[in-house]
>>> print(open('target.csv').read())   # CSV, N, CA and C atoms
chain,number,residue,atom,x,y,z
Q,252,MET,N,28.1,2.1,-10.1
Q,252,MET,CA,26.9,1.5,-9.6
Q,252,MET,C,25.8,2.5,-9.4
Q,253,SER,N,24.7,2.2,-9.9
Q,253,SER,CA,23.5,3.1,-9.8
Q,253,SER,C,22.5,2.5,-8.9
Q,254,ALA,N,21.8,3.4,-8.1
Q,254,ALA,CA,20.8,2.9,-7.1
Q,254,ALA,C,19.5,2.7,-7.8
Q,255,LYS,N,19.2,3.4,-8.9
Q,255,LYS,CA,17.9,3.3,-9.6
Q,255,LYS,C,18.2,3.4,-11.1
Q,256,ILE,N,17.9,2.4,-11.8
Q,256,ILE,CA,18.2,2.3,-13.3
Q,256,ILE,C,16.8,2.2,-14.0
Q,257,LEU,N,16.7,3.0,-15.0
Q,257,LEU,CA,15.5,3.0,-15.9
Q,257,LEU,C,15.8,2.2,-17.1
Q,258,VAL,N,15.0,1.2,-17.4
Q,258,VAL,CA,15.1,0.4,-18.6
Q,258,VAL,C,13.9,0.5,-19.5
Q,259,PRO,N,13.8,1.5,-20.4
Q,259,PRO,CA,12.6,1.6,-21.3
Q,259,PRO,C,12.7,0.5,-22.3
Q,260,VAL,N,11.5,-0.1,-22.6
Q,260,VAL,CA,11.4,-1.2,-23.5
Q,260,VAL,C,10.3,-1.0,-24.6
Q,261,ASP,N,10.6,-1.4,-25.8
Q,261,ASP,CA,9.6,-1.4,-26.8
Q,261,ASP,C,9.1,-2.9,-27.0
Q,262,LEU,N,7.8,-3.1,-26.7
Q,262,LEU,CA,7.3,-4.5,-26.8
Q,262,LEU,C,7.4,-5.1,-28.1
Q,263,ASP,N,7.6,-4.3,-29.2
Q,263,ASP,CA,7.9,-4.8,-30.5
Q,263,ASP,C,9.3,-5.5,-30.6
Q,264,HIS,N,10.1,-5.2,-29.7
Q,264,HIS,CA,11.5,-5.7,-29.6
Q,264,HIS,C,11.7,-6.4,-28.3
Q,265,ALA,N,10.8,-7.3,-28.0
Q,265,ALA,CA,10.8,-8.0,-26.7
Q,265,ALA,C,12.1,-8.8,-26.5
Q,266,ASP,N,12.7,-9.3,-27.6
Q,266,ASP,CA,13.9,-10.0,-27.5
Q,266,ASP,C,15.1,-9.2,-26.8
Q,267,LEU,N,15.0,-7.9,-26.8
Q,267,LEU,CA,16.0,-7.1,-26.2
Q,267,LEU,C,15.9,-6.9,-24.7
Q,268,ILE,N,14.7,-7.3,-24.2
Q,268,ILE,CA,14.4,-7.0,-22.7
Q,268,ILE,C,15.4,-7.7,-21.8
Q,269,GLN,N,15.6,-9.0,-22.0
Q,269,GLN,CA,16.5,-9.7,-21.0
Q,269,GLN,C,18.0,-9.2,-21.1
Q,270,PRO,N,18.5,-9.0,-22.3
Q,270,PRO,CA,19.9,-8.4,-22.4
Q,270,PRO,C,20.0,-7.1,-21.7
Q,271,LYS,N,19.0,-6.2,-21.8
Q,271,LYS,CA,19.0,-4.9,-21.1
Q,271,LYS,C,18.9,-5.1,-19.6
Q,272,LEU,N,18.1,-6.0,-19.2
Q,272,LEU,CA,18.0,-6.3,-17.7
Q,272,LEU,C,19.3,-6.9,-17.2
Q,273,ALA,N,20.0,-7.7,-17.9
Q,273,ALA,CA,21.2,-8.3,-17.5
Q,273,ALA,C,22.3,-7.2,-17.3
Q,274,GLN,N,22.3,-6.3,-18.3
Q,274,GLN,CA,23.2,-5.1,-18.2
Q,274,GLN,C,22.9,-4.2,-17.0
Q,275,ALA,N,21.6,-4.0,-16.8
Q,275,ALA,CA,21.2,-3.2,-15.7
Q,275,ALA,C,21.6,-3.8,-14.3
Q,276,ARG,N,21.4,-5.1,-14.2
Q,276,ARG,CA,21.8,-5.8,-13.0
Q,276,ARG,C,23.3,-5.7,-12.7
Q,277,ASP,N,24.1,-5.8,-13.8
Q,277,ASP,CA,25.5,-5.6,-13.6
Q,277,ASP,C,25.9,-4.3,-13.1
Q,278,MET,N,25.1,-3.3,-13.4
Q,278,MET,CA,25.4,-1.9,-13.0
Q,278,MET,C,24.6,-1.4,-11.8
Q,279,LEU,N,23.8,-2.3,-11.2
Q,279,LEU,CA,22.9,-1.9,-10.1
Q,279,LEU,C,23.7,-2.0,-8.8
Q,280,ALA,N,23.5,-1.0,-8.0
Q,280,ALA,CA,24.1,-1.0,-6.6
Q,280,ALA,C,23.3,-1.9,-5.7
Q,281,PRO,N,23.9,-2.5,-4.7
Q,281,PRO,CA,23.2,-3.4,-3.8
Q,281,PRO,C,22.0,-2.7,-3.2
Q,282,GLY,N,20.9,-3.4,-3.2
Q,282,GLY,CA,19.6,-2.8,-2.7
Q,282,GLY,C,18.9,-1.9,-3.7
Q,283,GLY,N,19.5,-1.7,-4.9
Q,283,GLY,CA,18.9,-0.8,-5.9
Q,283,GLY,C,17.7,-1.4,-6.6
Q,284,LYS,N,17.1,-0.6,-7.4
Q,284,LYS,CA,15.9,-0.9,-8.2
Q,284,LYS,C,16.1,-0.7,-9.7
Q,285,ILE,N,15.5,-1.6,-10.5
Q,285,ILE,CA,15.4,-1.4,-11.9
Q,285,ILE,C,14.0,-1.1,-12.2
Q,286,LEU,N,13.7,0.0,-12.9
Q,286,LEU,CA,12.4,0.3,-13.3
Q,286,LEU,C,12.3,0.1,-14.8
Q,287,VAL,N,11.4,-0.9,-15.2
Q,287,VAL,CA,11.2,-1.2,-16.6
Q,287,VAL,C,9.9,-0.5,-17.0
Q,288,VAL,N,10.0,0.3,-18.1
Q,288,VAL,CA,8.9,1.1,-18.5
Q,288,VAL,C,8.7,0.9,-20.0
Q,289,THR,N,7.4,0.9,-20.4
Q,289,THR,CA,7.0,0.9,-21.8
Q,289,THR,C,6.1,2.1,-22.0
Q,290,VAL,N,6.1,2.7,-23.1
Q,290,VAL,CA,5.3,3.9,-23.4
Q,290,VAL,C,4.3,3.6,-24.5
Q,291,LEU,N,3.1,3.8,-24.1
Q,291,LEU,CA,2.0,3.7,-25.1
Q,291,LEU,C,1.8,5.1,-25.8
Q,292,GLU,N,2.0,5.1,-27.0
Q,292,GLU,CA,1.8,6.4,-27.7
Q,292,GLU,C,0.4,6.8,-27.7
Q,293,THR,N,0.1,8.1,-27.4
Q,293,THR,CA,-1.3,8.5,-27.4
Q,293,THR,C,-1.8,8.8,-28.8
Q,294,VAL,N,-3.1,8.6,-28.9
Q,294,VAL,CA,-3.8,8.9,-30.2
Q,294,VAL,C,-4.0,10.4,-30.2
Q,295,PRO,N,-3.7,11.1,-31.3
Q,295,PRO,CA,-3.9,12.5,-31.4
Q,295,PRO,C,-5.4,12.9,-31.2
Q,296,GLY,N,-5.7,14.0,-30.6
Q,296,GLY,CA,-7.0,14.4,-30.3
Q,296,GLY,C,-7.9,14.5,-31.5
Q,297,TYR,N,-7.4,14.9,-32.7
Q,297,TYR,CA,-8.2,14.9,-33.9
Q,297,TYR,C,-8.7,13.6,-34.4
Q,298,VAL,N,-8.0,12.5,-34.0
Q,298,VAL,CA,-8.4,11.2,-34.3
Q,298,VAL,C,-9.3,10.6,-33.3
Q,299,SER,N,-9.0,10.8,-32.0
Q,299,SER,CA,-9.8,10.2,-30.9
Q,299,SER,C,-11.2,10.6,-30.9
Q,300,GLU,N,-11.5,11.8,-31.4
Q,300,GLU,CA,-12.9,12.3,-31.4
Q,300,GLU,C,-13.8,11.5,-32.4
Q,301,PHE,N,-13.2,10.8,-33.3
Q,301,PHE,CA,-13.9,9.9,-34.2
Q,301,PHE,C,-14.1,8.5,-33.7
Q,302,VAL,N,-13.4,8.1,-32.7
Q,302,VAL,CA,-13.4,6.8,-32.1
Q,302,VAL,C,-14.4,6.8,-31.0
Q,303,THR,N,-15.4,5.9,-31.2
Q,303,THR,CA,-16.5,5.8,-30.2
Q,303,THR,C,-16.1,4.9,-29.0
Q,304,HIS,N,-15.4,3.8,-29.3
Q,304,HIS,CA,-14.9,2.9,-28.2
Q,304,HIS,C,-13.5,3.3,-27.9
Q,305,LYS,N,-13.3,3.7,-26.6
Q,305,LYS,CA,-11.9,4.1,-26.2
Q,305,LYS,C,-11.4,3.0,-25.3
Q,306,PRO,N,-10.5,2.2,-25.8
Q,306,PRO,CA,-10.0,1.0,-25.1
Q,306,PRO,C,-8.7,1.3,-24.3
Q,307,GLU,N,-8.4,2.6,-23.9
Q,307,GLU,CA,-7.1,2.9,-23.3
Q,307,GLU,C,-6.9,2.1,-22.0
Q,308,ASN,N,-7.9,2.1,-21.1
Q,308,ASN,CA,-7.7,1.4,-19.8
Q,308,ASN,C,-7.5,-0.1,-20.0
Q,309,ASN,N,-8.3,-0.7,-20.9
Q,309,ASN,CA,-8.1,-2.1,-21.1
Q,309,ASN,C,-6.8,-2.4,-21.8
Q,310,LEU,N,-6.3,-1.6,-22.7
Q,310,LEU,CA,-5.1,-1.7,-23.4
Q,310,LEU,C,-3.9,-1.6,-22.4
Q,311,THR,N,-4.0,-0.6,-21.5
Q,311,THR,CA,-2.9,-0.4,-20.6
Q,311,THR,C,-2.8,-1.6,-19.6
Q,312,ALA,N,-3.9,-2.2,-19.2
Q,312,ALA,CA,-3.8,-3.4,-18.4
Q,312,ALA,C,-3.2,-4.6,-19.1
Q,313,LYS,N,-3.6,-4.7,-20.4
Q,313,LYS,CA,-3.1,-5.9,-21.2
Q,313,LYS,C,-1.6,-5.7,-21.4
Q,314,VAL,N,-1.2,-4.5,-21.7
Q,314,VAL,CA,0.3,-4.2,-21.9
Q,314,VAL,C,1.1,-4.4,-20.6
Q,315,ALA,N,0.5,-4.0,-19.5
Q,315,ALA,CA,1.2,-4.2,-18.2
Q,315,ALA,C,1.3,-5.7,-17.9
Q,316,GLU,N,0.3,-6.4,-18.2
Q,316,GLU,CA,0.4,-7.9,-18.0
Q,316,GLU,C,1.4,-8.5,-18.9
Q,317,LYS,N,1.5,-8.1,-20.1
Q,317,LYS,CA,2.5,-8.7,-21.1
Q,317,LYS,C,3.9,-8.3,-20.6
Q,318,LEU,N,4.1,-7.0,-20.2
Q,318,LEU,CA,5.4,-6.5,-19.8
Q,318,LEU,C,5.8,-7.3,-18.6
Q,319,SER,N,5.0,-7.5,-17.6
Q,319,SER,CA,5.3,-8.3,-16.4
Q,319,SER,C,5.7,-9.7,-16.7
Q,320,GLY,N,5.0,-10.3,-17.7
Q,320,GLY,CA,5.3,-11.6,-18.1
Q,320,GLY,C,6.7,-11.7,-18.8
Q,321,LEU,N,7.0,-10.7,-19.6
Q,321,LEU,CA,8.3,-10.7,-20.3
Q,321,LEU,C,9.5,-10.5,-19.3
Q,322,VAL,N,9.2,-9.6,-18.3
Q,322,VAL,CA,10.3,-9.3,-17.4
Q,322,VAL,C,10.5,-10.4,-16.3
Q,323,GLY,N,9.4,-11.0,-15.9
Q,323,GLY,CA,9.5,-12.1,-14.9
Q,323,GLY,C,9.4,-11.4,-13.5
Q,324,GLU,N,9.3,-12.2,-12.5
Q,324,GLU,CA,9.2,-11.7,-11.1
Q,324,GLU,C,10.6,-11.6,-10.5
Q,325,ALA,N,10.9,-10.5,-10.0
Q,325,ALA,CA,12.1,-10.2,-9.3
Q,325,ALA,C,12.0,-9.1,-8.3
Q,326,ASP,N,12.6,-9.2,-7.2
Q,326,ASP,CA,12.5,-8.2,-6.1
Q,326,ASP,C,13.1,-6.9,-6.5
Q,327,ASP,N,14.1,-6.9,-7.4
Q,327,ASP,CA,14.8,-5.7,-7.8
Q,327,ASP,C,14.2,-5.0,-9.0
Q,328,VAL,N,13.0,-5.5,-9.5
Q,328,VAL,CA,12.5,-4.9,-10.7
Q,328,VAL,C,11.0,-4.5,-10.5
Q,329,GLU,N,10.7,-3.3,-11.0
Q,329,GLU,CA,9.3,-2.8,-11.0
Q,329,GLU,C,9.0,-2.5,-12.5
Q,330,THR,N,7.7,-2.8,-12.9
Q,330,THR,CA,7.3,-2.5,-14.3
Q,330,THR,C,6.3,-1.3,-14.2
Q,331,HIS,N,6.3,-0.5,-15.3
Q,331,HIS,CA,5.4,0.6,-15.4
Q,331,HIS,C,5.0,0.8,-16.9
Q,332,VAL,N,3.7,1.2,-17.1
Q,332,VAL,CA,3.2,1.5,-18.4
Q,332,VAL,C,2.8,3.0,-18.3
Q,333,ILE,N,3.3,3.8,-19.2
Q,333,ILE,CA,2.9,5.2,-19.3
Q,333,ILE,C,2.5,5.5,-20.7
Q,334,THR,N,1.9,6.7,-20.8
Q,334,THR,CA,1.4,7.1,-22.2
Q,334,THR,C,2.1,8.4,-22.5
Q,335,GLY,N,2.2,8.6,-23.9
Q,335,GLY,CA,2.8,9.8,-24.4
Q,335,GLY,C,3.7,9.5,-25.5
Q,336,LYS,N,4.6,10.5,-25.7
Q,336,LYS,CA,5.7,10.3,-26.7
Q,336,LYS,C,6.9,9.8,-26.0
Q,337,PRO,N,7.5,8.6,-26.4
Q,337,PRO,CA,8.6,8.0,-25.7
Q,337,PRO,C,9.8,8.9,-25.5
Q,338,GLY,N,10.1,9.7,-26.5
Q,338,GLY,CA,11.3,10.6,-26.4
Q,338,GLY,C,11.2,11.7,-25.4
Q,339,VAL,N,9.9,12.0,-25.0
Q,339,VAL,CA,9.6,13.0,-24.0
Q,339,VAL,C,9.4,12.3,-22.7
Q,340,GLU,N,8.6,11.3,-22.7
Q,340,GLU,CA,8.1,10.7,-21.4
Q,340,GLU,C,9.2,9.9,-20.7
Q,341,ILE,N,10.1,9.2,-21.4
Q,341,ILE,CA,11.2,8.4,-20.8
Q,341,ILE,C,12.1,9.3,-19.9
Q,342,PRO,N,12.7,10.4,-20.5
Q,342,PRO,CA,13.5,11.2,-19.6
Q,342,PRO,C,12.7,11.9,-18.4
Q,343,GLN,N,11.5,12.2,-18.7
Q,343,GLN,CA,10.7,12.8,-17.6
Q,343,GLN,C,10.4,11.8,-16.5
Q,344,PHE,N,10.1,10.5,-16.9
Q,344,PHE,CA,9.9,9.5,-15.9
Q,344,PHE,C,11.2,9.3,-15.1
Q,345,ALA,N,12.3,9.2,-15.8
Q,345,ALA,CA,13.6,9.0,-15.1
Q,345,ALA,C,13.8,10.1,-14.0
Q,346,GLU,N,13.5,11.4,-14.4
Q,346,GLU,CA,13.7,12.5,-13.5
Q,346,GLU,C,12.7,12.4,-12.3
Q,347,ASP,N,11.5,12.1,-12.6
Q,347,ASP,CA,10.4,12.0,-11.6
Q,347,ASP,C,10.7,10.9,-10.6
Q,348,HIS,N,11.4,9.9,-11.0
Q,348,HIS,CA,11.6,8.7,-10.1
Q,348,HIS,C,13.0,8.7,-9.6
Q,349,GLY,N,13.8,9.7,-9.8
Q,349,GLY,CA,15.2,9.7,-9.3
Q,349,GLY,C,16.1,8.7,-9.9
Q,350,CYS,N,16.0,8.4,-11.1
Q,350,CYS,CA,16.9,7.4,-11.7
Q,350,CYS,C,18.2,8.1,-12.0
Q,351,THR,N,19.3,7.3,-11.8
Q,351,THR,CA,20.6,7.9,-12.1
Q,351,THR,C,21.2,7.3,-13.4
Q,352,LEU,N,20.5,6.4,-14.0
Q,352,LEU,CA,21.0,5.9,-15.3
Q,352,LEU,C,19.8,5.4,-16.1
Q,353,ILE,N,19.8,5.6,-17.4
Q,353,ILE,CA,18.8,5.1,-18.4
Q,353,ILE,C,19.6,4.2,-19.3
Q,354,ILE,N,19.1,3.0,-19.5
Q,354,ILE,CA,19.7,2.0,-20.5
Q,354,ILE,C,18.7,1.9,-21.6
Q,355,VAL,N,19.0,2.5,-22.8
Q,355,VAL,CA,18.2,2.4,-24.0
Q,355,VAL,C,18.8,1.5,-25.0
Q,356,GLY,N,17.9,0.9,-25.8
Q,356,GLY,CA,18.3,0.1,-26.9
Q,356,GLY,C,18.4,0.9,-28.2
Q,357,SER,N,19.2,0.5,-29.1
Q,357,SER,CA,19.3,1.2,-30.4
Q,357,SER,C,19.4,0.1,-31.5
Q,358,HIS,N,19.0,0.6,-32.6
Q,358,HIS,CA,19.1,-0.3,-33.8
Q,358,HIS,C,19.7,0.4,-34.9
Q,359,ARG,N,20.0,-0.3,-36.0
Q,359,ARG,CA,20.5,0.4,-37.2
Q,359,ARG,C,19.4,1.4,-37.7
Q,360,PRO,N,19.8,2.6,-37.9
Q,360,PRO,CA,18.8,3.6,-38.3
Q,360,PRO,C,18.3,3.4,-39.7
Q,361,GLY,N,17.0,3.6,-39.8
Q,361,GLY,CA,16.3,3.6,-41.1
Q,361,GLY,C,16.2,5.0,-41.7
Q,362,MET,N,15.7,5.1,-42.9
Q,362,MET,CA,15.5,6.5,-43.4
Q,362,MET,C,14.7,7.4,-42.5
Q,363,ARG,N,13.6,6.8,-42.0
Q,363,ARG,CA,12.7,7.6,-41.1
Q,363,ARG,C,13.5,8.2,-40.0
Q,364,ASP,N,14.5,7.4,-39.4
Q,364,ASP,CA,15.2,7.9,-38.2
Q,364,ASP,C,16.1,9.1,-38.6
Q,365,TYR,N,16.6,9.1,-39.9
Q,365,TYR,CA,17.5,10.2,-40.3
Q,365,TYR,C,16.7,11.5,-40.4
Q,366,PHE,N,15.5,11.4,-40.7
Q,366,PHE,CA,14.6,12.6,-40.9
Q,366,PHE,C,14.0,13.0,-39.5
Q,367,LEU,N,13.5,12.1,-38.8
Q,367,LEU,CA,12.8,12.4,-37.5
Q,367,LEU,C,13.6,12.2,-36.3
Q,368,GLY,N,14.7,11.4,-36.3
Q,368,GLY,CA,15.5,11.1,-35.1
Q,368,GLY,C,14.9,9.9,-34.4
Q,369,SER,N,15.8,9.1,-33.8
Q,369,SER,CA,15.3,7.9,-33.1
Q,369,SER,C,14.9,8.3,-31.6
Q,370,THR,N,14.2,7.4,-31.0
Q,370,THR,CA,13.8,7.6,-29.6
Q,370,THR,C,15.0,7.6,-28.8
Q,371,ALA,N,16.0,6.8,-29.0
Q,371,ALA,CA,17.2,6.8,-28.2
Q,371,ALA,C,17.9,8.1,-28.3
Q,372,ALA,N,18.0,8.7,-29.5
Q,372,ALA,CA,18.6,10.0,-29.6
Q,372,ALA,C,17.8,11.1,-28.9
Q,373,ARG,N,16.5,11.0,-28.9
Q,373,ARG,CA,15.7,12.0,-28.2
Q,373,ARG,C,15.9,11.8,-26.6
Q,374,VAL,N,16.0,10.6,-26.2
Q,374,VAL,CA,16.3,10.4,-24.8
Q,374,VAL,C,17.6,10.9,-24.3
Q,375,VAL,N,18.6,10.7,-25.2
Q,375,VAL,CA,20.0,11.2,-24.9
Q,375,VAL,C,20.0,12.7,-24.8
Q,376,ARG,N,19.3,13.4,-25.7
Q,376,ARG,CA,19.3,14.8,-25.7
Q,376,ARG,C,18.5,15.4,-24.5
Q,377,ARG,N,17.4,14.7,-24.0
Q,377,ARG,CA,16.6,15.3,-23.0
Q,377,ARG,C,16.9,14.9,-21.6
Q,378,ALA,N,17.6,13.8,-21.4
Q,378,ALA,CA,17.8,13.2,-20.1
Q,378,ALA,C,18.7,14.1,-19.2
Q,379,SER,N,18.3,14.1,-17.9
Q,379,SER,CA,19.2,14.9,-17.0
Q,379,SER,C,20.2,13.9,-16.3
Q,380,CYS,N,20.0,12.6,-16.5
Q,380,CYS,CA,20.9,11.7,-15.9
Q,380,CYS,C,21.8,11.0,-17.0
Q,381,SER,N,22.6,10.1,-16.7
Q,381,SER,CA,23.5,9.4,-17.7
Q,381,SER,C,22.6,8.5,-18.5
Q,382,VAL,N,23.0,8.3,-19.7
Q,382,VAL,CA,22.2,7.3,-20.6
Q,382,VAL,C,23.2,6.4,-21.3
Q,383,MET,N,23.0,5.1,-21.2
Q,383,MET,CA,23.8,4.1,-21.9
Q,383,MET,C,23.0,3.6,-23.0
Q,384,VAL,N,23.6,3.6,-24.2
Q,384,VAL,CA,22.9,3.1,-25.4
Q,384,VAL,C,23.5,1.7,-25.8
Q,385,MET,N,22.6,0.7,-25.8
Q,385,MET,CA,23.0,-0.7,-26.1
Q,385,MET,C,22.6,-1.0,-27.5
Q,386,ARG,N,23.5,-1.6,-28.2
Q,386,ARG,CA,23.2,-2.1,-29.6
Q,386,ARG,C,23.0,-3.6,-29.5
>>> encode(input="target.csv", output="structure tokens")
Amino acid sequence: MSAKILVPVDLDHADLIQPKLAQARDMLAPGGKILVVTVLETVPGYVSEFVTHKPENNLTAKVAEKLSGLVGEADDVETHVITGKPGVEIPQFAEDHGCTLIIVGSHRPGMRDYFLGSTAARVVRRASCSVMVMR
């Protein structure tokens, strides 16, 4: 049983959110919290200087609203939207918030994953807590 479980989600795979939440609830200690986080990848600096309209704040609010809607209201769940590279930010978020378990989703790897590595693999390598990989 874990007191604080991190469930990172990719909104492009919203269908995986509820199964991951169900798994997290099965492993959650009484009175524990599930932190659901999605990561908005940042635009590289060399690109952002050419963009005159910077919608980051509006985008973050819209993503937070969508995430809350997909997760639903529950006393044991908090939602968070962070920015950066998912493979770096997810383990850091877990450490910063005292999470004892991260539940990540995985998919069948494509060619890109063989060359660059998947987010799940990066989280497993960098996390200081236990990581459960769900298929």
>>> atom_distance(input="target.csv", atom1="atom N of Asn309 (chain Q)", atom2="atom N of Glu329 (chain Q)")
21.6 Å
>>> residues_around(input="target.csv", residues="Pro259 (chain Q)", least_positions_apart="2", cutoff="6 Å", atoms="only C-alpha atoms", output="PyMOL selection string")
chain Q and resi 287-289
>>> atom_distance(input="target.csv", atom1="atom N of Cys350 (chain Q)", atom2="atom N of Lys255 (chain Q)")
6.3 Å
>>> residues_around(input="target.csv", residues="Pro337 (chain Q)", least_positions_apart="2", cutoff="12 Å", atoms="only C-alpha atoms", output="number ranges by chain")
Q: 259-261, 288-293, 332-335, 339-345, 355, 369-375, 377-378
>>> closest_residue(input="target.csv", among="Q:Ser253, Q:Pro270, Q:Arg386, Q:His264", to="Gly282 (chain Q)", atoms="all atoms listed in the file")
Q:Ser253
>>> select_by_dssp(input="target.csv", residues="region 317-364 of chain Q", states="strand (DSSP E)", output="count of residues only")
12
>>> select_by_dssp(input="target.csv", residues="chain Q", states="alpha helix (DSSP H)", output="PyMOL selection string")
chain Q and resi 268-278+296-299+307-322+337-347+362-367+370-377
>>> residues_near_point(input="target.csv", point="(14.1, -7.1, -10.4)", cutoff="8 Å", atoms="all atoms listed in the file", output="PyMOL selection string")
chain Q and resi 283-286+322-329
